[in-house]
>>> print(open('input_15.cif').read())   # mmCIF, C-alpha atoms
data_target
#
loop_
_atom_site.group_PDB
_atom_site.id
_atom_site.type_symbol
_atom_site.label_atom_id
_atom_site.label_comp_id
_atom_site.auth_asym_id
_atom_site.auth_seq_id
_atom_site.Cartn_x
_atom_site.Cartn_y
_atom_site.Cartn_z
ATOM 1 C CA ALA C 1 13.405 -7.200 -10.087
ATOM 2 C CA GLN C 2 12.043 -4.312 -8.083
ATOM 3 C CA LYS C 3 12.448 -4.788 -4.389
ATOM 4 C CA VAL C 4 12.104 -2.891 -1.132
ATOM 5 C CA THR C 5 14.025 -4.023 1.924
ATOM 6 C CA GLN C 6 13.248 -2.931 5.439
ATOM 7 C CA ALA C 7 15.797 -4.837 7.440
ATOM 8 C CA GLN C 8 14.531 -3.710 10.829
ATOM 9 C CA THR C 9 11.612 -5.922 11.774
ATOM 10 C CA GLU C 10 10.916 -4.255 15.089
ATOM 11 C CA ILE C 11 12.348 -1.296 16.949
ATOM 12 C CA SER C 12 11.598 -0.255 20.520
ATOM 13 C CA VAL C 13 12.484 3.172 21.828
ATOM 14 C CA VAL C 14 11.643 5.194 24.867
ATOM 15 C CA GLU C 15 9.513 8.260 24.392
ATOM 16 C CA LYS C 16 11.431 11.357 23.277
ATOM 17 C CA GLU C 17 14.188 9.324 21.669
ATOM 18 C CA ASP C 18 14.938 9.832 17.985
ATOM 19 C CA VAL C 19 14.519 6.802 15.750
ATOM 20 C CA THR C 20 15.461 6.089 12.157
ATOM 21 C CA LEU C 21 13.693 3.517 10.018
ATOM 22 C CA ASP C 22 15.749 2.206 7.136
ATOM 23 C CA CYS C 23 14.562 1.506 3.619
ATOM 24 C CA VAL C 24 16.694 0.213 0.759
ATOM 25 C CA TYR C 25 15.283 -0.329 -2.693
ATOM 26 C CA GLU C 26 16.175 -1.876 -6.046
ATOM 27 C CA THR C 27 14.640 -0.722 -9.287
ATOM 28 C CA ARG C 28 15.275 -0.860 -13.012
ATOM 29 C CA ASP C 29 13.034 2.155 -13.682
ATOM 30 C CA THR C 30 14.795 5.430 -14.402
ATOM 31 C CA THR C 31 11.930 7.408 -12.959
ATOM 32 C CA TYR C 32 10.276 6.146 -9.839
ATOM 33 C CA TYR C 33 8.592 7.248 -6.685
ATOM 34 C CA LEU C 34 9.196 6.254 -3.107
ATOM 35 C CA PHE C 35 6.653 6.354 -0.324
ATOM 36 C CA TRP C 36 6.279 5.891 3.395
ATOM 37 C CA TYR C 37 3.047 4.724 4.992
ATOM 38 C CA LYS C 38 2.074 4.317 8.617
ATOM 39 C CA GLN C 39 -0.209 1.453 9.621
ATOM 40 C CA PRO C 40 -1.654 1.892 13.111
ATOM 41 C CA PRO C 41 -3.279 -1.030 14.941
ATOM 42 C CA SER C 42 -6.614 -0.150 13.327
ATOM 43 C CA GLY C 43 -5.125 -1.355 10.040
ATOM 44 C CA GLU C 44 -5.516 1.483 7.566
ATOM 45 C CA LEU C 45 -2.589 2.773 5.552
ATOM 46 C CA VAL C 46 -1.802 6.379 6.365
ATOM 47 C CA PHE C 47 0.159 8.164 3.660
ATOM 48 C CA LEU C 48 3.190 10.055 4.977
ATOM 49 C CA ILE C 49 5.293 11.095 2.020
ATOM 50 C CA ARG C 50 5.972 10.623 -1.675
ATOM 51 C CA ARG C 51 9.357 11.377 -3.165
ATOM 52 C CA ASN C 52 10.278 11.599 -6.860
ATOM 53 C CA SER C 53 13.537 9.951 -7.914
ATOM 54 C CA PHE C 54 14.748 13.241 -9.362
ATOM 55 C CA ASP C 55 14.347 15.082 -6.113
ATOM 56 C CA GLU C 56 17.018 14.172 -3.614
ATOM 57 C CA GLN C 57 16.315 17.017 -1.270
ATOM 58 C CA ASN C 58 15.667 15.937 2.255
ATOM 59 C CA GLU C 59 12.220 16.654 3.560
ATOM 60 C CA ILE C 60 11.098 17.672 7.012
ATOM 61 C CA SER C 61 7.538 17.731 8.264
ATOM 62 C CA GLY C 62 7.233 18.505 11.934
ATOM 63 C CA ARG C 63 8.938 15.685 13.841
ATOM 64 C CA TYR C 64 9.300 13.606 10.688
ATOM 65 C CA SER C 65 12.185 13.810 8.248
ATOM 66 C CA TRP C 66 13.246 11.781 5.265
ATOM 67 C CA ASN C 67 16.677 11.251 3.782
ATOM 68 C CA PHE C 68 16.740 10.114 0.161
ATOM 69 C CA GLN C 69 20.118 9.000 -1.188
ATOM 70 C CA LYS C 70 20.054 7.726 -4.732
ATOM 71 C CA SER C 71 23.730 6.699 -4.569
ATOM 72 C CA THR C 72 22.927 4.117 -1.893
ATOM 73 C CA SER C 73 19.335 3.461 -3.014
ATOM 74 C CA SER C 74 18.053 4.374 0.399
ATOM 75 C CA PHE C 75 15.088 6.359 1.642
ATOM 76 C CA ASN C 76 15.307 6.507 5.408
ATOM 77 C CA PHE C 77 12.731 7.953 7.754
ATOM 78 C CA THR C 78 13.552 9.638 11.065
ATOM 79 C CA ILE C 79 11.145 10.484 13.841
ATOM 80 C CA THR C 80 12.509 13.070 16.215
ATOM 81 C CA ALA C 81 11.393 13.086 19.846
ATOM 82 C CA SER C 82 9.210 10.022 19.392
ATOM 83 C CA GLN C 83 5.831 9.789 21.069
ATOM 84 C CA VAL C 84 3.672 6.844 22.099
ATOM 85 C CA VAL C 85 1.248 7.739 19.290
ATOM 86 C CA ASP C 86 4.020 7.005 16.802
ATOM 87 C CA SER C 87 3.747 3.321 17.665
ATOM 88 C CA ALA C 88 2.722 1.561 14.454
ATOM 89 C CA VAL C 89 4.052 -0.455 11.563
ATOM 90 C CA TYR C 90 5.787 1.681 8.967
ATOM 91 C CA PHE C 91 6.014 0.613 5.345
ATOM 92 C CA CYS C 92 8.318 1.902 2.674
ATOM 93 C CA ALA C 93 7.050 1.467 -0.892
ATOM 94 C CA LEU C 94 8.347 1.885 -4.436
ATOM 95 C CA SER C 95 6.470 2.480 -7.656
ATOM 96 C CA GLU C 96 6.986 0.077 -10.530
ATOM 97 C CA VAL C 97 5.956 0.687 -14.119
ATOM 98 C CA LEU C 98 3.819 -2.129 -15.442
ATOM 99 C CA THR C 99 3.747 -3.327 -19.053
ATOM 100 C CA SER C 100 0.450 -1.502 -19.495
ATOM 101 C CA GLY C 101 2.182 1.767 -18.642
ATOM 102 C CA THR C 102 0.409 2.079 -15.327
ATOM 103 C CA TYR C 103 2.030 1.678 -11.946
ATOM 104 C CA LYS C 104 1.822 -0.605 -8.991
ATOM 105 C CA TYR C 105 3.368 -0.159 -5.578
ATOM 106 C CA ILE C 106 5.867 -2.594 -4.119
ATOM 107 C CA PHE C 107 5.925 -2.569 -0.353
ATOM 108 C CA GLY C 108 8.634 -3.550 2.060
ATOM 109 C CA THR C 109 7.922 -5.947 4.882
ATOM 110 C CA GLY C 110 7.457 -3.115 7.338
ATOM 111 C CA THR C 111 9.108 -2.044 10.566
ATOM 112 C CA ARG C 112 7.097 -2.261 13.765
ATOM 113 C CA LEU C 113 7.920 0.710 15.957
ATOM 114 C CA LYS C 114 7.088 0.557 19.645
ATOM 115 C CA VAL C 115 7.467 3.755 21.609
ATOM 116 C CA LEU C 116 7.439 3.144 25.320
ATOM 117 C CA ALA C 117 6.264 5.752 27.793
ATOM 118 C CA GLU V 1 -11.526 15.932 1.115
ATOM 119 C CA PRO V 2 -12.496 13.079 -1.237
ATOM 120 C CA GLU V 3 -11.540 9.630 -0.054
ATOM 121 C CA VAL V 4 -11.777 5.994 -1.053
ATOM 122 C CA THR V 5 -14.310 4.042 0.973
ATOM 123 C CA GLN V 6 -14.625 0.303 1.441
ATOM 124 C CA THR V 7 -17.398 -1.905 2.755
ATOM 125 C CA PRO V 8 -17.677 -3.905 4.843
ATOM 126 C CA SER V 9 -14.870 -3.095 7.240
ATOM 127 C CA HIS V 10 -14.829 -6.703 8.418
ATOM 128 C CA GLN V 11 -16.264 -9.758 6.686
ATOM 129 C CA VAL V 12 -16.386 -13.229 8.158
ATOM 130 C CA THR V 13 -17.214 -16.115 5.861
ATOM 131 C CA GLN V 14 -17.069 -19.866 5.707
ATOM 132 C CA MET V 15 -14.549 -21.619 3.518
ATOM 133 C CA GLY V 16 -15.974 -22.251 0.061
ATOM 134 C CA GLN V 17 -18.353 -19.303 0.155
ATOM 135 C CA GLU V 18 -18.264 -16.446 -2.302
ATOM 136 C CA VAL V 19 -17.497 -12.960 -1.026
ATOM 137 C CA ILE V 20 -17.717 -9.578 -2.665
ATOM 138 C CA LEU V 21 -15.667 -6.729 -1.300
ATOM 139 C CA ARG V 22 -16.836 -3.296 -2.287
ATOM 140 C CA CYS V 23 -15.000 -0.092 -2.890
ATOM 141 C CA VAL V 24 -16.089 3.380 -3.882
ATOM 142 C CA PRO V 25 -13.095 5.117 -5.480
ATOM 143 C CA ILE V 26 -12.645 8.861 -5.626
ATOM 144 C CA SER V 27 -15.138 10.116 -8.165
ATOM 145 C CA ASN V 28 -12.942 11.466 -10.971
ATOM 146 C CA HIS V 29 -10.344 8.732 -10.756
ATOM 147 C CA LEU V 30 -9.636 6.432 -13.669
ATOM 148 C CA TYR V 31 -7.336 3.734 -12.315
ATOM 149 C CA PHE V 32 -8.377 1.220 -9.700
ATOM 150 C CA TYR V 33 -6.451 -1.321 -7.710
ATOM 151 C CA TRP V 34 -6.750 -4.093 -5.180
ATOM 152 C CA TYR V 35 -3.953 -4.994 -2.807
ATOM 153 C CA ARG V 36 -3.845 -7.700 -0.172
ATOM 154 C CA GLN V 37 -2.085 -7.897 3.167
ATOM 155 C CA ILE V 38 -1.981 -11.209 4.963
ATOM 156 C CA LEU V 39 -1.791 -10.608 8.708
ATOM 157 C CA GLY V 40 1.666 -9.553 9.774
ATOM 158 C CA GLN V 41 3.005 -9.461 6.234
ATOM 159 C CA LYS V 42 3.579 -6.872 3.558
ATOM 160 C CA VAL V 43 1.010 -5.325 1.281
ATOM 161 C CA GLU V 44 0.925 -7.045 -2.115
ATOM 162 C CA PHE V 45 -0.475 -5.942 -5.442
ATOM 163 C CA LEU V 46 -3.351 -8.032 -6.776
ATOM 164 C CA VAL V 47 -4.791 -6.283 -9.812
ATOM 165 C CA SER V 48 -5.116 -2.987 -11.623
ATOM 166 C CA PHE V 49 -8.156 -1.942 -13.630
ATOM 167 C CA TYR V 50 -8.496 0.773 -16.224
ATOM 168 C CA ASN V 51 -10.980 1.562 -18.932
ATOM 169 C CA ASN V 52 -13.300 -1.216 -17.768
ATOM 170 C CA GLU V 53 -10.762 -3.973 -18.011
ATOM 171 C CA ILE V 54 -7.936 -5.519 -16.080
ATOM 172 C CA SER V 55 -4.659 -3.882 -17.077
ATOM 173 C CA GLU V 56 -2.360 -6.011 -14.927
ATOM 174 C CA LYS V 57 -2.689 -8.797 -12.422
ATOM 175 C CA SER V 58 -0.290 -10.584 -10.144
ATOM 176 C CA GLU V 59 0.249 -14.318 -9.843
ATOM 177 C CA ILE V 60 -1.880 -14.210 -6.699
ATOM 178 C CA PHE V 61 -4.889 -13.111 -8.748
ATOM 179 C CA ASP V 62 -5.964 -16.521 -10.019
ATOM 180 C CA ASP V 63 -9.278 -17.684 -11.446
ATOM 181 C CA GLN V 64 -10.915 -17.487 -8.044
ATOM 182 C CA PHE V 65 -10.689 -13.716 -8.164
ATOM 183 C CA SER V 66 -12.557 -11.290 -10.358
ATOM 184 C CA VAL V 67 -13.058 -7.542 -10.408
ATOM 185 C CA GLU V 68 -15.853 -5.466 -11.759
ATOM 186 C CA ARG V 69 -16.984 -1.896 -12.009
ATOM 187 C CA PRO V 70 -20.712 -2.549 -12.147
ATOM 188 C CA ASP V 71 -21.729 1.100 -12.268
ATOM 189 C CA GLY V 72 -20.053 4.472 -12.336
ATOM 190 C CA SER V 73 -19.093 4.470 -8.708
ATOM 191 C CA ASN V 74 -18.393 1.005 -7.302
ATOM 192 C CA PHE V 75 -15.391 -1.233 -7.831
ATOM 193 C CA THR V 76 -15.698 -4.760 -6.508
ATOM 194 C CA LEU V 77 -13.436 -7.705 -5.815
ATOM 195 C CA LYS V 78 -15.099 -11.097 -5.853
ATOM 196 C CA ILE V 79 -13.557 -14.242 -4.456
ATOM 197 C CA ARG V 80 -15.521 -17.142 -5.877
ATOM 198 C CA SER V 81 -14.787 -19.917 -3.383
ATOM 199 C CA THR V 82 -12.867 -18.671 -0.401
ATOM 200 C CA LYS V 83 -9.989 -20.597 1.131
ATOM 201 C CA LEU V 84 -8.494 -20.226 4.581
ATOM 202 C CA GLU V 85 -5.453 -18.555 3.051
ATOM 203 C CA ASP V 86 -7.626 -15.789 1.612
ATOM 204 C CA SER V 87 -7.924 -14.379 5.126
ATOM 205 C CA ALA V 88 -6.278 -10.981 4.863
ATOM 206 C CA MET V 89 -6.827 -7.258 4.745
ATOM 207 C CA TYR V 90 -7.864 -6.129 1.287
ATOM 208 C CA PHE V 91 -7.130 -2.562 0.262
ATOM 209 C CA CYS V 92 -8.712 -0.796 -2.638
ATOM 210 C CA ALA V 93 -6.897 2.149 -4.201
ATOM 211 C CA SER V 94 -7.706 4.600 -6.929
ATOM 212 C CA SER V 95 -5.680 7.041 -8.957
ATOM 213 C CA ASP V 96 -6.337 9.955 -11.266
ATOM 214 C CA ASP V 97 -4.764 10.411 -14.696
ATOM 215 C CA SER V 98 -1.220 9.972 -13.363
ATOM 216 C CA GLY V 99 -1.381 6.341 -14.470
ATOM 217 C CA GLY V 100 -1.422 5.126 -10.949
ATOM 218 C CA LEU V 101 1.580 7.052 -9.737
ATOM 219 C CA GLU V 102 -0.396 8.655 -6.960
ATOM 220 C CA GLN V 103 -2.708 6.073 -5.451
ATOM 221 C CA PHE V 104 -5.180 6.792 -2.699
ATOM 222 C CA PHE V 105 -5.902 3.857 -0.443
ATOM 223 C CA GLY V 106 -9.147 2.971 1.235
ATOM 224 C CA PRO V 107 -9.288 1.893 4.876
ATOM 225 C CA GLY V 108 -9.360 -1.796 3.988
ATOM 226 C CA THR V 109 -11.689 -4.735 4.479
ATOM 227 C CA ARG V 110 -10.537 -7.412 6.872
ATOM 228 C CA LEU V 111 -11.647 -10.791 5.508
ATOM 229 C CA THR V 112 -11.702 -13.755 7.841
ATOM 230 C CA VAL V 113 -12.305 -17.181 6.330
ATOM 231 C CA LEU V 114 -13.276 -19.890 8.817
#
>>> encode(input="input_15.cif", output="structure tokens")
Amino acid sequence: AQKVTQAQTEISVVEKEDVTLDCVYETRDTTYYLFWYKQPPSGELVFLIRRNSFDEQNEISGRYSWNFQKSTSSFNFTITASQVVDSAVYFCALSEVLTSGTYKYIFGTGTRLKVLA
Amino acid sequence: EPEVTQTPSHQVTQMGQEVILRCVPISNHLYFYWYRQILGQKVEFLVSFYNNEISEKSEIFDDQFSVERPDGSNFTLKIRSTKLEDSAMYFCASSDDSGGLEQFFGPGTRLTVL
């Protein structure tokens, strides 16, 4: 079955430290998409990135970077020089093809990141 | 930029009451979804809706739940007789013709059942 594992329940770092959030997935689909979302205390899901299974290039966006390794089924997320505003719960998600041909998202259990001033 | 909107942002109801959560998807989108997130837990798929019918539903989506697209713009989730365990954040999402590959999430409705 499709599954997303975020083994780190909670991480605390001091401001300006780098932090990596791990995501490991299992899928039977040959084509799939991986996602990261940020959920601040206000509760909404903020989209961060989508990655196609065919594209293993690492991605960098400002202080954020993502490392996709198909060989280890991992899609890790690194925040460089963390800031207090990065404090949130971060979810990794995986697309799954449904029998109807549409997709649903499967989310991991999330990692709560606390950045201390 | 177009976005998915949801109303209300917070709904408080008594156990056994019916609630309707409303969503306005992005206007040219064709696929619609509801997800649920119990406090402190992961986001879970409830149902997908396409071409005016349910295309998939999860085991969570039992007979107490129903969805409807009553007009060209709204997409609603109805819970017929709420239970305490229905307390959660409910997210609506919509997608264009990618089949749901790229889903845009609304800000959520926090439902509290007392």
>>> residues_around(input="input_15.cif", residues="V:Leu46", least_positions_apart="4", cutoff="6 Å", atoms="only C-alpha atoms", output="list in words")
Trp34, Tyr35, Lys57, Ser58 and Phe61 of chain V
>>> interface_residues(input="input_15.cif", of="chain C", to="chain V", cutoff="6 Å", atoms="only C-alpha atoms", output="NGL selection string")
:C and (44 or 102-103 or 107 or 109)
>>> residues_near_point(input="input_15.cif", point="(-5.7, -14.2, 2.8)", cutoff="8 Å", atoms="only C-alpha atoms", output="CSV table (one decimal) with C-alpha atoms, in the coordinates of the input")
chain,number,residue,atom,x,y,z
V,36,ARG,CA,-3.8,-7.7,-0.2
V,37,GLN,CA,-2.1,-7.9,3.2
V,38,ILE,CA,-2.0,-11.2,5.0
V,39,LEU,CA,-1.8,-10.6,8.7
V,83,LYS,CA,-10.0,-20.6,1.1
V,84,LEU,CA,-8.5,-20.2,4.6
V,85,GLU,CA,-5.5,-18.6,3.1
V,86,ASP,CA,-7.6,-15.8,1.6
V,87,SER,CA,-7.9,-14.4,5.1
V,88,ALA,CA,-6.3,-11.0,4.9
V,89,MET,CA,-6.8,-7.3,4.7
V,111,LEU,CA,-11.6,-10.8,5.5
V,112,THR,CA,-11.7,-13.8,7.8
>>> resolve_selection(input="input_15.cif", expression="the PyMOL selection byres ((chain V and resi 67) around 9)", output="list in words")
Trp34, Val47, Phe49, Glu53, Ile54, Phe65, Ser66, Glu68, Arg69, Phe75, Thr76, Leu77, Lys78 and Ile79 of chain V
>>> write_last_selection(input="input_15.cif", atoms="C-alpha atoms", output="compact mmCIF listing (two decimals), in the frame of the given file")
# COMPACT_ATOMS: atom_id res chain seq x y z
CA TRP V 34 -6.75 -4.09 -5.18
CA VAL V 47 -4.79 -6.28 -9.81
CA PHE V 49 -8.16 -1.94 -13.63
CA GLU V 53 -10.76 -3.97 -18.01
CA ILE V 54 -7.94 -5.52 -16.08
CA PHE V 65 -10.69 -13.72 -8.16
CA SER V 66 -12.56 -11.29 -10.36
CA GLU V 68 -15.85 -5.47 -11.76
CA ARG V 69 -16.98 -1.90 -12.01
CA PHE V 75 -15.39 -1.23 -7.83
CA THR V 76 -15.70 -4.76 -6.51
CA LEU V 77 -13.44 -7.70 -5.82
CA LYS V 78 -15.10 -11.10 -5.85
CA ILE V 79 -13.56 -14.24 -4.46
>>> resolve_selection(input="input_15.cif", expression="the PyMOL selection byres ((chain C and resi 114) around 7)", output="ChimeraX atom specification")
/C:11-13,87-88,112-113,115-116
